[in-house]
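Raw run-v8.csv, CSV, C-alpha atoms:
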chain,number,residue,atom,x,y,z
A,1083,MET,CA,0.0,0.0,0.0
A,1084,THR,CA,1.3,3.4,-0.9
A,1085,ALA,CA,1.0,6.6,1.2
A,1086,SER,CA,-0.4,8.6,-1.6
A,1087,GLN,CA,-2.6,11.6,-0.7
A,1088,TYR,CA,-5.5,11.9,-3.1
A,1089,VAL,CA,-6.8,15.3,-4.1
A,1090,PHE,CA,-10.0,15.4,-6.2
A,1091,ILE,CA,-10.8,18.8,-7.6
A,1092,GLU,CA,-14.5,18.9,-8.4
A,1093,SER,CA,-15.4,21.8,-10.7
A,1094,ARG,CA,-18.7,20.5,-12.0
A,1095,ASP,CA,-22.2,21.6,-11.0
A,1096,PRO,CA,-23.9,18.6,-9.3
A,1097,PHE,CA,-27.3,19.9,-10.6
A,1098,GLU,CA,-26.0,19.7,-14.2
A,1099,SER,CA,-23.6,16.9,-14.1
A,1100,PRO,CA,-24.8,13.6,-12.5
A,1101,ASP,CA,-21.3,12.2,-12.9
A,1102,THR,CA,-20.2,14.3,-9.9
A,1103,GLY,CA,-21.2,11.2,-7.9
A,1104,PHE,CA,-18.2,9.5,-9.3
A,1105,VAL,CA,-15.9,11.7,-7.3
A,1106,ALA,CA,-17.8,11.2,-4.0
A,1107,ASP,CA,-18.0,7.4,-4.5
A,1108,THR,CA,-14.3,7.2,-5.3
A,1109,ALA,CA,-13.3,9.4,-2.4
A,1110,GLU,CA,-15.3,7.2,0.0
A,1111,ALA,CA,-13.9,4.0,-1.4
A,1112,LEU,CA,-10.4,5.3,-1.0
A,1113,VAL,CA,-10.9,6.4,2.6
A,1114,ALA,CA,-12.5,3.0,3.3
A,1115,ARG,CA,-9.2,1.5,2.2
A,1116,GLY,CA,-7.2,3.7,4.5
A,1117,ARG,CA,-6.1,6.4,2.1
A,1118,SER,CA,-6.0,10.1,2.8
A,1119,VAL,CA,-8.4,12.0,0.5
A,1120,THR,CA,-9.3,15.6,0.0
A,1121,VAL,CA,-12.2,16.9,-2.2
A,1122,PHE,CA,-11.7,20.5,-3.2
A,1123,LEU,CA,-14.8,22.1,-4.7
A,1124,VAL,CA,-14.2,24.9,-7.1
A,1125,GLN,CA,-16.2,26.9,-9.7
A,1126,ASN,CA,-19.8,25.6,-10.0
A,1127,GLY,CA,-18.7,22.6,-7.9
A,1128,VAL,CA,-19.5,24.7,-4.9
A,1129,LEU,CA,-23.2,25.1,-5.8
A,1130,ALA,CA,-24.2,22.2,-3.6
A,1131,THR,CA,-22.4,23.4,-0.5
A,1132,ARG,CA,-25.4,25.3,0.9
A,1133,SER,CA,-26.8,23.3,3.8
A,1134,GLY,CA,-30.0,21.8,2.6
A,1135,ALA,CA,-29.1,21.9,-1.1
A,1136,ALA,CA,-30.8,18.9,-2.8
A,1137,ARG,CA,-27.6,17.7,-4.4
A,1138,GLY,CA,-25.3,18.4,-1.4
A,1139,ALA,CA,-26.2,15.7,1.1
A,1140,HIS,CA,-23.3,13.6,0.1
A,1141,LEU,CA,-20.9,16.4,1.3
A,1142,GLY,CA,-21.8,15.9,4.9
A,1143,ARG,CA,-21.5,12.2,4.4
A,1144,LEU,CA,-18.1,12.5,2.9
A,1145,ALA,CA,-16.8,14.6,5.8
A,1146,GLY,CA,-18.3,12.1,8.2
A,1147,ALA,CA,-16.5,9.3,6.5
A,1148,GLY,CA,-13.1,11.0,6.9
A,1149,VAL,CA,-12.8,12.9,3.6
A,1150,THR,CA,-11.5,16.4,4.0
A,1151,VAL,CA,-13.9,18.7,2.1
A,1152,PHE,CA,-12.9,22.2,1.1
A,1153,ALA,CA,-14.8,24.8,-0.9
A,1154,ASP,CA,-12.9,27.4,-2.8
A,1155,ASP,CA,-13.5,30.8,-1.1
A,1156,PHE,CA,-13.3,32.8,-4.3
A,1157,SER,CA,-15.9,30.5,-6.0
A,1158,LEU,CA,-18.2,30.8,-2.9
A,1159,ARG,CA,-18.0,34.6,-2.9
A,1160,GLU,CA,-18.7,34.8,-6.6
A,1161,ARG,CA,-21.9,32.8,-6.0
A,1162,GLY,CA,-23.0,34.6,-2.8
A,1163,ILE,CA,-22.5,31.6,-0.6
A,1164,GLU,CA,-21.4,32.4,2.9
A,1165,ALA,CA,-19.4,30.3,5.3
A,1166,GLY,CA,-22.2,30.0,7.7
A,1167,GLU,CA,-24.5,28.4,5.1
A,1168,LEU,CA,-22.3,25.4,4.4
A,1169,TRP,CA,-23.0,21.8,5.0
A,1170,GLY,CA,-21.4,20.6,8.2
A,1171,GLY,CA,-17.9,19.4,7.5
A,1172,VAL,CA,-17.4,21.6,4.4
A,1173,ARG,CA,-14.8,24.3,5.0
A,1174,PRO,CA,-13.9,27.3,2.9
A,1175,ALA,CA,-10.3,27.3,1.7
A,1176,SER,CA,-8.0,29.5,-0.4
A,1177,ILE,CA,-6.4,28.6,-3.7
A,1178,GLU,CA,-3.1,28.7,-1.8
A,1179,THR,CA,-4.4,25.7,0.3
A,1180,LEU,CA,-5.1,23.8,-3.0
A,1181,VAL,CA,-1.5,24.6,-4.2
A,1182,ASP,CA,-0.1,23.3,-0.9
A,1183,LEU,CA,-2.1,20.1,-1.3
A,1184,ILE,CA,-1.2,19.3,-4.9
A,1185,VAL,CA,2.6,20.1,-4.8
A,1186,ARG,CA,3.2,17.4,-2.1
A,1187,PRO,CA,5.4,14.7,-3.7
A,1188,ASP,CA,3.0,12.0,-2.6
A,1189,ALA,CA,-0.1,13.8,-4.0
A,1190,LYS,CA,-2.2,12.2,-6.7
A,1191,THR,CA,-4.5,14.9,-8.1
A,1192,VAL,CA,-7.5,14.5,-10.4
A,1193,TRP,CA,-9.5,17.3,-11.9
A,1194,HIS,CA,-13.1,16.7,-12.6
B,461,MET,CA,15.8,26.8,-9.4
B,462,ALA,CA,12.9,26.1,-7.0
B,463,ASP,CA,12.9,22.8,-5.1
B,464,ARG,CA,9.3,22.2,-6.3
B,465,THR,CA,7.8,22.4,-9.8
B,466,LEU,CA,4.1,22.3,-10.8
B,467,THR,CA,3.1,21.4,-14.3
B,468,LEU,CA,-0.3,22.3,-15.7
B,469,ALA,CA,-1.9,21.2,-18.9
B,470,ILE,CA,-4.8,23.4,-19.9
B,471,MET,CA,-7.1,23.1,-22.9
B,472,ASP,CA,-9.9,25.6,-22.7
B,473,ALA,CA,-10.1,28.5,-25.2
B,474,PRO,CA,-10.2,32.0,-23.9
B,475,TYR,CA,-13.4,33.6,-22.6
B,476,GLU,CA,-15.3,30.3,-22.5
B,477,ALA,CA,-14.6,28.5,-19.2
B,478,ALA,CA,-14.1,29.3,-15.6
B,479,ALA,CA,-11.3,26.7,-15.6
B,480,SER,CA,-9.0,29.3,-17.3
B,481,THR,CA,-9.4,31.7,-14.4
B,482,THR,CA,-8.9,28.9,-11.9
B,483,ALA,CA,-5.7,27.9,-13.7
B,484,PHE,CA,-4.4,31.5,-13.6
B,485,ARG,CA,-5.1,31.6,-9.9
B,486,ILE,CA,-3.3,28.3,-9.3
B,487,ILE,CA,-0.3,29.6,-11.3
B,488,ALA,CA,-0.2,32.9,-9.5
B,489,ALA,CA,-0.5,31.2,-6.0
B,490,ALA,CA,2.3,28.7,-6.9
B,491,LEU,CA,4.7,31.4,-8.1
B,492,ALA,CA,3.9,33.4,-4.9
B,493,LYS,CA,5.0,30.4,-2.9
B,494,GLY,CA,8.3,30.2,-4.8
B,495,ILE,CA,7.2,27.1,-6.9
B,496,ASP,CA,8.4,26.9,-10.5
B,497,VAL,CA,5.5,26.4,-12.9
B,498,ASN,CA,5.3,24.8,-16.3
B,499,VAL,CA,2.2,25.3,-18.5
B,500,PHE,CA,1.4,23.3,-21.5
B,501,ALA,CA,-1.3,25.0,-23.5
B,502,TYR,CA,-3.1,22.5,-25.7
B,503,GLU,CA,-6.0,22.8,-28.2
B,504,GLY,CA,-8.0,26.0,-27.7
B,505,ALA,CA,-5.8,27.2,-24.8
B,506,VAL,CA,-3.1,28.2,-27.3
B,507,SER,CA,-5.3,31.3,-28.1
B,508,LEU,CA,-4.9,32.5,-24.5
B,509,THR,CA,-1.7,34.2,-25.5
B,510,VAL,CA,-2.6,35.7,-28.9
B,511,LYS,CA,-1.2,39.2,-28.8
B,512,GLU,CA,-3.8,40.9,-31.1
B,513,GLN,CA,-6.5,40.4,-28.4
B,514,ALA,CA,-8.1,43.8,-27.7
B,515,PRO,CA,-10.4,44.9,-24.9
B,516,HIS,CA,-13.8,46.2,-25.9
B,517,ALA,CA,-16.5,48.7,-24.8
B,518,ASN,CA,-19.9,47.5,-23.7
B,519,PRO,CA,-22.6,49.0,-25.9
B,520,VAL,CA,-25.4,47.5,-23.8
B,521,LYS,CA,-24.2,49.3,-20.7
B,522,GLY,CA,-23.0,52.3,-22.7
B,523,THR,CA,-19.5,52.1,-21.2
B,524,SER,CA,-16.2,52.8,-23.0
B,525,VAL,CA,-13.2,50.6,-23.3
B,526,GLU,CA,-11.5,52.6,-20.5
B,527,GLN,CA,-14.6,52.4,-18.2
B,528,GLU,CA,-15.1,48.7,-18.9
B,529,GLU,CA,-11.5,47.7,-18.0
B,530,HIS,CA,-12.1,44.4,-19.8
B,531,PRO,CA,-9.3,42.0,-19.0
B,532,THR,CA,-7.8,40.1,-21.9
B,533,THR,CA,-6.2,36.7,-21.3
B,534,LYS,CA,-3.0,37.7,-23.1
B,535,ASP,CA,-2.6,40.5,-20.5
B,536,LEU,CA,-3.3,38.1,-17.6
B,537,VAL,CA,-0.7,35.6,-19.0
B,538,ALA,CA,1.8,38.4,-19.5
B,539,ALA,CA,1.3,39.4,-15.9
B,540,LEU,CA,2.0,35.8,-14.8
B,541,LEU,CA,5.1,35.6,-17.0
B,542,GLU,CA,6.3,38.7,-15.3
B,543,LEU,CA,5.8,37.1,-11.9
B,544,GLY,CA,7.7,34.1,-13.1
B,545,ARG,CA,10.4,35.9,-15.0
B,546,SER,CA,13.4,34.6,-12.9
B,547,GLU,CA,13.0,32.8,-9.6
B,548,PRO,CA,10.6,31.1,-9.5
B,549,ARG,CA,10.2,30.7,-13.2
B,550,LEU,CA,7.1,30.3,-15.3
B,551,ASN,CA,7.7,28.3,-18.5
B,552,TRP,CA,4.7,28.6,-20.9
B,553,VAL,CA,4.6,26.3,-23.9
B,554,ASN,CA,2.0,26.4,-26.7
B,555,CYS,CA,1.3,23.2,-28.6
B,556,GLY,CA,2.6,23.9,-32.1
B,557,LEU,CA,0.2,21.8,-34.0
B,558,CYS,CA,-2.7,23.4,-32.2
B,559,VAL,CA,-1.3,26.8,-33.0
B,560,ASP,CA,-1.0,26.0,-36.7
B,561,GLU,CA,-4.5,24.6,-36.9
B,562,ARG,CA,-5.9,27.9,-35.5
B,563,GLY,CA,-3.5,30.3,-37.1
B,564,ALA,CA,-2.7,31.5,-33.6
B,565,GLY,CA,1.0,31.9,-33.9
B,566,SER,CA,1.3,35.5,-33.1
B,567,TRP,CA,1.7,35.6,-29.3
B,568,ILE,CA,3.1,37.7,-26.5
B,569,ASP,CA,6.7,37.6,-25.5
B,570,GLY,CA,7.9,34.8,-23.3
B,571,VAL,CA,5.8,32.0,-24.8
B,572,LYS,CA,7.5,29.0,-26.5
B,573,ARG,CA,6.4,26.6,-29.2
B,574,GLY,CA,6.5,22.9,-28.3
B,575,GLY,CA,4.6,19.6,-28.4
B,576,PRO,CA,3.3,16.8,-26.3
B,577,ALA,CA,6.9,15.5,-25.9
B,578,ASN,CA,7.7,18.7,-24.1
B,579,PHE,CA,4.7,18.1,-21.8
B,580,LEU,CA,6.0,14.6,-21.0
B,581,GLU,CA,9.4,16.0,-20.2
B,582,MET,CA,7.9,18.7,-17.9
B,583,ALA,CA,5.7,16.2,-16.2
B,584,VAL,CA,8.5,13.7,-15.5
B,585,ALA,CA,10.7,16.5,-14.1
B,586,SER,CA,7.9,18.0,-11.9
B,587,THR,CA,6.8,17.4,-8.3
B,588,THR,CA,3.3,17.2,-9.6
B,589,THR,CA,1.2,17.5,-12.7
B,590,LEU,CA,-2.4,18.7,-13.0
B,591,VAL,CA,-4.4,18.2,-16.2
B,592,ILE,CA,-7.4,20.5,-16.5
B,593,PRO,CA,-9.4,19.1,-19.4
B,594,THR,CA,-12.3,20.7,-21.2
B,595,LYS,CA,-15.6,19.5,-19.9

Show me, as structure tokens, the structure contained in the file I just sent.
Amino acid sequence: MTASQYVFIESRDPFESPDTGFVADTAEALVARGRSVTVFLVQNGVLATRSGAARGAHLGRLAGAGVTVFADDFSLRERGIEAGELWGGVRPASIETLVDLIVRPDAKTVWH
Amino acid sequence: MADRTLTLAIMDAPYEAAASTTAFRIIAAALAKGIDVNVFAYEGAVSLTVKEQAPHANPVKGTSVEQEEHPTTKDLVAALLELGRSEPRLNWVNCGLCVDERGAGSWIDGVKRGGPANFLEMAVASTTTLVIPTK
């Protein structure tokens, strides 16, 4: 088993792209196998982060399963989503945080 | 030379996708952290650096070119190249075949012509590689 750190960058709107479930399913499967996983939501990927959003229930589930879930602060501001509105377990983060995550030598990064 | 290098492959044409803005933000943040950055611009992304791009007025709002302050992607890339002029360094390579297909060979200073083999070399030599595909 490797010590890879997985970073999934989800840019797609879950209301428009049903395949966003692929990222959540893969993240959960990796965590279940003992891997470290971060999901970083960006662009329209943040549209489901509002607590109660119909397509966002999986975000709380991911965080509960041990996946680190970040939402790009710039994308949140552009869409008028405030930190206090987010699903539990979803944390705002800067683009600098994303850079720190992906430049680690053990990082495996996937853009979706 | 920085101890870490990030390579990005980007494909979206200018003025179409939010991913271009996100890529620019990632590049700027990495350079600010002292990380060398390689960019391989593929397919429509080779037009990001076309130097004839011009800002425009907004006739719907009745604003002038000056009032609109419309940012062009070639100016944004030029600013990134200035940030990455020495240490850390930004190395921007446009796919030559993609350029020829589009007649997009007139570009701003600091951009190089290359091909997928260059992307492979950059990826192998980098700490990490991020591919940002078109949707």

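With all atoms listed in the file as the atoms that count, the residue of A:Asp1188, A:Asp1095, A:Leu1180, A:Trp1169 with the shortest distance to A:Val1128 is A:Asp1095.
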
message: Select, as a VMD selection string, those residues of chain B with any atom no more than 8 Å from chain A (distances computed using all atoms listed in the file).
response: chain B and resid 464 to 466 478 to 479 482 485 to 486 489 to 490 587 to 593

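The space separating atom CA of A:Glu1092 from atom CA of B:Val584 comes to 24.6 Å.
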
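Atom pair atom CA of B:Ser480 / atom CA of A:Phe1090: separated by 17.8 Å.
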
- request: Would you mind listing what lies within 12 Å of B:Glu512 as an MDAnalysis selection string, with only C-alpha atoms counted and same-chain residues fewer than 4 positions away left out?
  value: chainID B and resid 507:508 532:535 564:568

Give me, as a compact mmCIF listing (two decimals) with C-alpha atoms, in the coordinates of the input, all polymer residues having an atom no more than 9 Å from A:Thr1131, counting only C-alpha atoms and skipping those fewer than 5 positions away in the same chain.
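Contents of selection11.txt, freshly written:
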# COMPACT_ATOMS: atom_id res chain seq x y z
CA LEU A 1123 -14.80 22.10 -4.70
CA ARG A 1137 -27.60 17.70 -4.40
CA GLY A 1138 -25.30 18.40 -1.40
CA ALA A 1139 -26.20 15.70 1.10
CA LEU A 1141 -20.90 16.40 1.30
CA ALA A 1153 -14.80 24.80 -0.90
CA LEU A 1158 -18.20 30.80 -2.90
CA ILE A 1163 -22.50 31.60 -0.60
CA GLU A 1167 -24.50 28.40 5.10
CA LEU A 1168 -22.30 25.40 4.40
CA TRP A 1169 -23.00 21.80 5.00
CA VAL A 1172 -17.40 21.60 4.40

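Of the listed residues (B:Val499, B:Ala488, B:Cys558, B:Ala514), B:Ala514 comes nearest to B:His530; the distances count only C-alpha atoms.
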
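Between atom CA of B:Ala501 and atom CA of B:Trp552 the separation is 7.5 Å.
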
- prompt: So which one's closest to A:Ser1099, A:Leu1112, A:Ala1130, A:Ala1147, A:Ala1085? Using all atoms listed in the file, please.
  reply: A:Ala1130

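Minimum distance to B:Asn554 across B:Ala492, B:Ala538, B:Ala477, B:Ala469 (counting all atoms listed in the file) occurs at B:Ala469.
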